[in-house]
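A.B. asks: Input run35.cif, format and content: mmCIF, C-alpha atoms.
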data_run
#
loop_
_atom_site.group_PDB
_atom_site.id
_atom_site.type_symbol
_atom_site.label_atom_id
_atom_site.label_comp_id
_atom_site.auth_asym_id
_atom_site.auth_seq_id
_atom_site.Cartn_x
_atom_site.Cartn_y
_atom_site.Cartn_z
ATOM 1 C CA MET A 191 -21.524 104.815 -44.983
ATOM 2 C CA PRO A 192 -17.826 104.331 -45.732
ATOM 3 C CA ASP A 193 -16.325 107.246 -47.651
ATOM 4 C CA LYS A 194 -15.306 105.047 -50.581
ATOM 5 C CA LEU A 195 -18.831 103.696 -51.004
ATOM 6 C CA ALA A 196 -20.372 107.165 -50.607
ATOM 7 C CA GLU A 197 -18.119 108.496 -53.359
ATOM 8 C CA ALA A 198 -19.040 105.596 -55.671
ATOM 9 C CA VAL A 199 -22.729 106.288 -55.051
ATOM 10 C CA ARG A 200 -22.261 109.980 -55.848
ATOM 11 C CA GLN A 201 -20.288 109.098 -58.988
ATOM 12 C CA ALA A 202 -23.273 107.013 -60.089
ATOM 13 C CA GLY A 203 -25.389 110.163 -59.848
ATOM 14 C CA VAL A 204 -27.228 109.325 -56.647
ATOM 15 C CA GLY A 205 -27.587 111.936 -53.919
ATOM 16 C CA LEU A 206 -26.896 111.079 -50.288
ATOM 17 C CA THR A 207 -28.471 112.669 -47.245
ATOM 18 C CA GLY A 208 -26.977 112.303 -43.773
ATOM 19 C CA HIS A 209 -28.946 111.321 -40.694
ATOM 20 C CA ASP A 210 -27.795 111.947 -37.131
ATOM 21 C CA PHE A 211 -30.773 110.722 -35.076
ATOM 22 C CA GLY A 212 -31.392 114.262 -33.844
ATOM 23 C CA TRP A 213 -34.951 113.557 -32.733
ATOM 24 C CA LEU A 214 -33.883 110.489 -30.756
ATOM 25 C CA ARG A 215 -31.012 112.396 -29.110
ATOM 26 C CA GLU A 216 -33.480 115.037 -27.885
ATOM 27 C CA GLN A 217 -35.833 112.588 -26.180
ATOM 28 C CA PRO A 218 -35.546 112.290 -22.389
ATOM 29 C CA LEU A 219 -34.062 109.086 -21.048
ATOM 30 C CA SER A 220 -36.499 106.919 -19.144
ATOM 31 C CA VAL A 221 -33.696 104.710 -17.796
ATOM 32 C CA PRO A 222 -29.993 105.554 -17.458
ATOM 33 C CA GLY A 223 -27.474 103.523 -19.420
ATOM 34 C CA PRO A 224 -25.793 100.521 -17.799
ATOM 35 C CA ALA A 225 -22.974 101.182 -15.334
ATOM 36 C CA GLU A 226 -20.562 98.689 -16.922
ATOM 37 C CA ARG A 227 -17.891 100.143 -19.206
ATOM 38 C CA THR A 228 -18.567 97.473 -21.832
ATOM 39 C CA VAL A 229 -21.898 96.623 -23.416
ATOM 40 C CA VAL A 230 -22.286 93.539 -25.628
ATOM 41 C CA LEU A 231 -25.114 93.347 -28.136
ATOM 42 C CA GLY A 232 -26.576 89.878 -28.476
ATOM 43 C CA THR A 233 -26.878 88.231 -31.867
ATOM 44 C CA SER A 234 -29.335 86.137 -33.835
ATOM 45 C CA LEU A 235 -26.483 84.424 -35.691
ATOM 46 C CA VAL A 236 -26.407 81.564 -33.180
ATOM 47 C CA ARG A 237 -30.184 81.016 -33.201
ATOM 48 C CA ASN A 238 -30.167 81.125 -37.008
ATOM 49 C CA GLY A 239 -27.563 78.347 -37.086
ATOM 50 C CA LEU A 240 -24.910 80.516 -38.744
ATOM 51 C CA VAL A 241 -22.433 80.679 -35.845
ATOM 52 C CA HIS A 242 -21.458 77.813 -33.548
ATOM 53 C CA ARG A 243 -23.145 78.272 -30.189
ATOM 54 C CA GLU A 244 -20.199 76.930 -28.171
ATOM 55 C CA ARG A 245 -17.714 79.334 -29.744
ATOM 56 C CA TYR A 246 -19.949 82.344 -29.158
ATOM 57 C CA LEU A 247 -20.599 81.375 -25.522
ATOM 58 C CA HIS A 248 -16.873 80.727 -25.012
ATOM 59 C CA TRP A 249 -16.082 84.253 -26.279
ATOM 60 C CA LEU A 250 -18.601 85.697 -23.807
ATOM 61 C CA ARG A 251 -17.079 83.621 -20.960
ATOM 62 C CA GLU A 252 -13.582 84.873 -21.794
ATOM 63 C CA LEU A 253 -14.784 88.457 -21.961
ATOM 64 C CA ALA A 254 -16.526 88.145 -18.567
ATOM 65 C CA GLU A 255 -13.286 86.843 -17.045
ATOM 66 C CA ARG A 256 -11.501 90.025 -18.178
ATOM 67 C CA GLU A 257 -14.163 92.576 -17.223
ATOM 68 C CA PRO A 258 -17.812 92.821 -16.189
ATOM 69 C CA PHE A 259 -20.200 93.728 -18.986
ATOM 70 C CA ALA A 260 -23.830 94.459 -19.721
ATOM 71 C CA TYR A 261 -25.451 92.086 -22.202
ATOM 72 C CA PHE A 262 -28.376 93.253 -24.312
ATOM 73 C CA PRO A 263 -29.867 90.158 -25.968
ATOM 74 C CA HIS A 264 -31.155 90.039 -29.485
ATOM 75 C CA ARG A 265 -34.939 89.628 -29.436
ATOM 76 C CA ARG A 266 -34.634 86.172 -31.031
ATOM 77 C CA GLU A 267 -31.944 84.689 -28.799
ATOM 78 C CA ASP A 268 -32.612 81.249 -27.395
ATOM 79 C CA PRO A 269 -33.835 81.366 -23.754
ATOM 80 C CA VAL A 270 -31.526 78.444 -22.930
ATOM 81 C CA ASP A 271 -28.523 80.418 -24.163
ATOM 82 C CA LEU A 272 -29.656 83.475 -22.219
ATOM 83 C CA ALA A 273 -29.912 81.397 -19.056
ATOM 84 C CA LEU A 274 -26.305 80.231 -19.543
ATOM 85 C CA ILE A 275 -25.135 83.782 -20.188
ATOM 86 C CA ARG A 276 -27.048 85.054 -17.154
ATOM 87 C CA GLU A 277 -25.234 82.503 -14.926
ATOM 88 C CA ARG A 278 -21.810 83.966 -15.740
ATOM 89 C CA PRO A 279 -20.319 86.082 -12.955
ATOM 90 C CA GLY A 280 -19.692 89.604 -14.211
ATOM 91 C CA VAL A 281 -22.485 89.559 -16.800
ATOM 92 C CA THR A 282 -25.650 91.606 -16.335
ATOM 93 C CA VAL A 283 -28.324 90.536 -18.818
ATOM 94 C CA HIS A 284 -30.876 93.214 -19.665
ATOM 95 C CA ALA A 285 -34.378 92.793 -21.095
ATOM 96 C CA ALA A 286 -34.597 91.859 -24.776
ATOM 97 C CA GLY A 287 -36.803 93.264 -27.460
ATOM 98 C CA VAL A 288 -36.231 97.020 -27.505
ATOM 99 C CA PRO A 289 -34.009 98.295 -30.343
ATOM 100 C CA ALA A 290 -30.441 98.989 -29.254
ATOM 101 C CA GLU A 291 -30.656 102.574 -30.463
ATOM 102 C CA LEU A 292 -33.351 103.238 -27.846
ATOM 103 C CA THR A 293 -31.837 101.330 -24.943
ATOM 104 C CA LEU A 294 -28.202 102.386 -25.372
ATOM 105 C CA ARG A 295 -28.568 106.079 -26.125
ATOM 106 C CA GLY A 296 -27.839 106.856 -22.461
ATOM 107 C CA LEU A 297 -24.266 105.536 -22.635
ATOM 108 C CA SER A 298 -21.498 107.943 -21.621
ATOM 109 C CA ALA A 299 -18.034 108.832 -22.834
ATOM 110 C CA GLY A 300 -15.583 106.046 -22.095
ATOM 111 C CA GLN A 301 -18.111 103.261 -22.477
ATOM 112 C CA ARG A 302 -18.039 100.936 -25.467
ATOM 113 C CA VAL A 303 -20.358 98.651 -27.385
ATOM 114 C CA LEU A 304 -19.188 95.319 -28.812
ATOM 115 C CA SER A 305 -21.243 93.576 -31.478
ATOM 116 C CA LEU A 306 -20.933 90.761 -33.953
ATOM 117 C CA PRO A 307 -21.983 91.847 -37.470
ATOM 118 C CA SER A 308 -25.229 93.774 -37.206
ATOM 119 C CA THR A 309 -26.920 96.695 -38.916
ATOM 120 C CA ALA A 310 -27.146 98.255 -35.444
ATOM 121 C CA ILE A 311 -23.406 98.976 -35.617
ATOM 122 C CA SER A 312 -23.924 101.661 -38.253
ATOM 123 C CA SER A 313 -26.742 103.449 -36.478
ATOM 124 C CA LEU A 314 -25.113 103.186 -33.046
ATOM 125 C CA ARG A 315 -21.928 104.758 -34.401
ATOM 126 C CA VAL A 316 -23.898 107.745 -35.666
ATOM 127 C CA LEU A 317 -25.843 108.023 -32.417
ATOM 128 C CA LEU A 318 -23.097 107.354 -29.851
ATOM 129 C CA SER A 319 -19.771 108.404 -31.357
ATOM 130 C CA PRO A 320 -20.397 112.137 -30.767
ATOM 131 C CA ARG A 321 -20.821 111.283 -27.068
ATOM 132 C CA GLY A 322 -17.433 109.562 -26.906
ATOM 133 C CA VAL A 323 -18.837 106.029 -26.893
ATOM 134 C CA ALA A 324 -16.857 103.561 -29.018
ATOM 135 C CA VAL A 325 -18.881 101.126 -31.115
ATOM 136 C CA GLU A 326 -16.557 98.208 -31.840
ATOM 137 C CA PRO A 327 -17.568 95.528 -34.305
ATOM 138 C CA VAL A 328 -16.305 92.039 -33.518
ATOM 139 C CA HIS A 329 -14.990 90.101 -36.501
ATOM 140 C CA VAL A 330 -16.367 86.556 -36.637
ATOM 141 C CA PRO A 331 -13.444 84.109 -36.845
ATOM 142 C CA ASP A 332 -13.681 81.563 -39.645
ATOM 143 C CA ASP A 333 -14.036 78.634 -37.230
ATOM 144 C CA TRP A 334 -17.145 80.198 -35.652
ATOM 145 C CA TRP A 335 -19.171 79.913 -38.872
ATOM 146 C CA THR A 336 -21.278 76.811 -39.444
ATOM 147 C CA SER A 337 -21.727 75.095 -42.799
ATOM 148 C CA ARG A 338 -25.096 76.896 -43.101
ATOM 149 C CA ALA A 339 -23.263 80.210 -43.519
ATOM 150 C CA ALA A 340 -22.396 80.352 -47.222
ATOM 151 C CA PRO A 341 -19.238 82.292 -48.155
ATOM 152 C CA SER A 342 -21.318 85.015 -49.814
ATOM 153 C CA LEU A 343 -23.397 85.453 -46.641
ATOM 154 C CA ARG A 344 -20.272 85.546 -44.463
ATOM 155 C CA SER A 345 -18.775 88.217 -46.690
ATOM 156 C CA HIS A 346 -21.973 90.258 -46.606
ATOM 157 C CA LEU A 347 -22.252 90.042 -42.811
ATOM 158 C CA GLN A 348 -18.581 90.806 -42.238
ATOM 159 C CA MET A 349 -19.147 94.062 -44.138
ATOM 160 C CA PHE A 350 -20.812 95.277 -40.917
ATOM 161 C CA SER A 351 -17.735 94.478 -38.860
ATOM 162 C CA GLY A 352 -15.428 96.729 -40.859
ATOM 163 C CA ALA A 353 -14.092 99.930 -39.403
ATOM 164 C CA PRO A 354 -15.649 103.167 -40.591
ATOM 165 C CA SER A 355 -13.619 105.105 -43.126
#
As structure tokens, please, write out the structure in this file.
C.D. replies:
Amino acid sequence: MPDKLAEAVRQAGVGLTGHDFGWLREQPLSVPGPAERTVVLGTSLVRNGLVHRERYLHWLRELAEREPFAYFPHRREDPVDLALIRERPGVTVHAAGVPAELTLRGLSAGQRVLSLPSTAISSLRVLLSPRGVAVEPVHVPDDWWTSRAAPSLRSHLQMFSGAPS
């Protein structure tokens, strides 16, 4: 939680308790993390009609041209989109469906996670930052949003792409 928000909550008389995913950190890894330096979390924003498919796929293509990356699809991503992503040289698509906190906890210092707005950003920061793994939210450019994404929804979602304070 950003410091400013935490202070406002405390000022309102509400107590806050921290969580560091200690139990999850202690569990043995069944599979090592991906070898690629960069991991991209998939999104449901395209499938939900909130972000233009072409712009999202173009961003992934440009990223793959700069460096290889591991792609962890959102459980609701369109199979057609996943097939297109899988065809890109430099992109390794992993199985969908398991929460990111479980599948990415084996990442190492120097690796990074990129994600469009998602609640997973907050939990992955808590889980991975102590290991030296950067969790980098990707701001959604205005021209990516479709008309189905109301300004209030955009604002709410972009809250997850802000830097921690």
A.B. asks: Any idea what's packed within 7 Å of Ser298 of chain A, counting all atoms listed in the file, ignoring anything in its chain fewer than 6 positions away? Could you give it as a list of chain:residue names?
C.D. replies: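 The residues that qualify are A:Arg321, A:Gly322, A:Val323.
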A.B. asks: Between A:Leu247, A:Thr293, A:His264, A:Ala340, single out the one closest to Arg278 of chain A, counting all atoms listed in the file.
C.D. replies: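 Closest to Arg278 of chain A, using all atoms listed in the file: A:Leu247.
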A.B. asks: Could you give me, as JSON, numbers by chain, the residues within 12 Å of Leu274 of chain A, counting all atoms listed in the file and dropping anything in the same chain fewer than 5 positions from it?
C.D. replies: {"A": [243, 244, 246, 247, 248, 250, 251, 267, 268, 269, 279, 281, 282, 283]}
A.B. asks: Give me the residues near Gly212 of chain A as a list of chain:residue names, where near means some atom within 12 Å (using only C-alpha atoms) and where sequence neighbours in that chain fewer than 2 positions away do not count.
C.D. replies: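 Listed by chain and then number, they are A:Gly208, A:His209, A:Asp210, A:Leu214, A:Arg215, A:Glu216, A:Gln217, A:Arg295, A:Val316, A:Leu317, A:Leu318, A:Pro320.
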A.B. asks: Go ahead and write the residues just picked, C-alpha atoms, as a PDB file, in the coordinates of the input.
C.D. replies:
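Dumped to again-v3.pdb:
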ATOM      1  CA  GLY A 208     -26.977 112.303 -43.773  1.00  0.00           C
ATOM      2  CA  HIS A 209     -28.946 111.321 -40.694  1.00  0.00           C
ATOM      3  CA  ASP A 210     -27.795 111.947 -37.131  1.00  0.00           C
ATOM      4  CA  LEU A 214     -33.883 110.489 -30.756  1.00  0.00           C
ATOM      5  CA  ARG A 215     -31.012 112.396 -29.110  1.00  0.00           C
ATOM      6  CA  GLU A 216     -33.480 115.037 -27.885  1.00  0.00           C
ATOM      7  CA  GLN A 217     -35.833 112.588 -26.180  1.00  0.00           C
ATOM      8  CA  ARG A 295     -28.568 106.079 -26.125  1.00  0.00           C
ATOM      9  CA  VAL A 316     -23.898 107.745 -35.666  1.00  0.00           C
ATOM     10  CA  LEU A 317     -25.843 108.023 -32.417  1.00  0.00           C
ATOM     11  CA  LEU A 318     -23.097 107.354 -29.851  1.00  0.00           C
ATOM     12  CA  PRO A 320     -20.397 112.137 -30.767  1.00  0.00           C
TER      13      PRO A 320
END
A.B. asks: Hey, could you pull the box centre and edge lengths for segment 324-337 of chain A, axis-aligned, 3 Å padding per side, all listed atoms, to one decimal in Å, as AutoDock Vina command-line options?
C.D. replies:
--center_x -17.6 --center_y 89.3 --center_z -35.9 --size_x 14.3 --size_y 34.5 --size_z 19.8
A.B. asks: Select, from A:Glu197, A:Asp271, A:Arg265, A:Trp335, the residue with the minimum atom-to-atom distance to Gly287 of chain A, counting all atoms listed in the file.
C.D. replies: A:Arg265
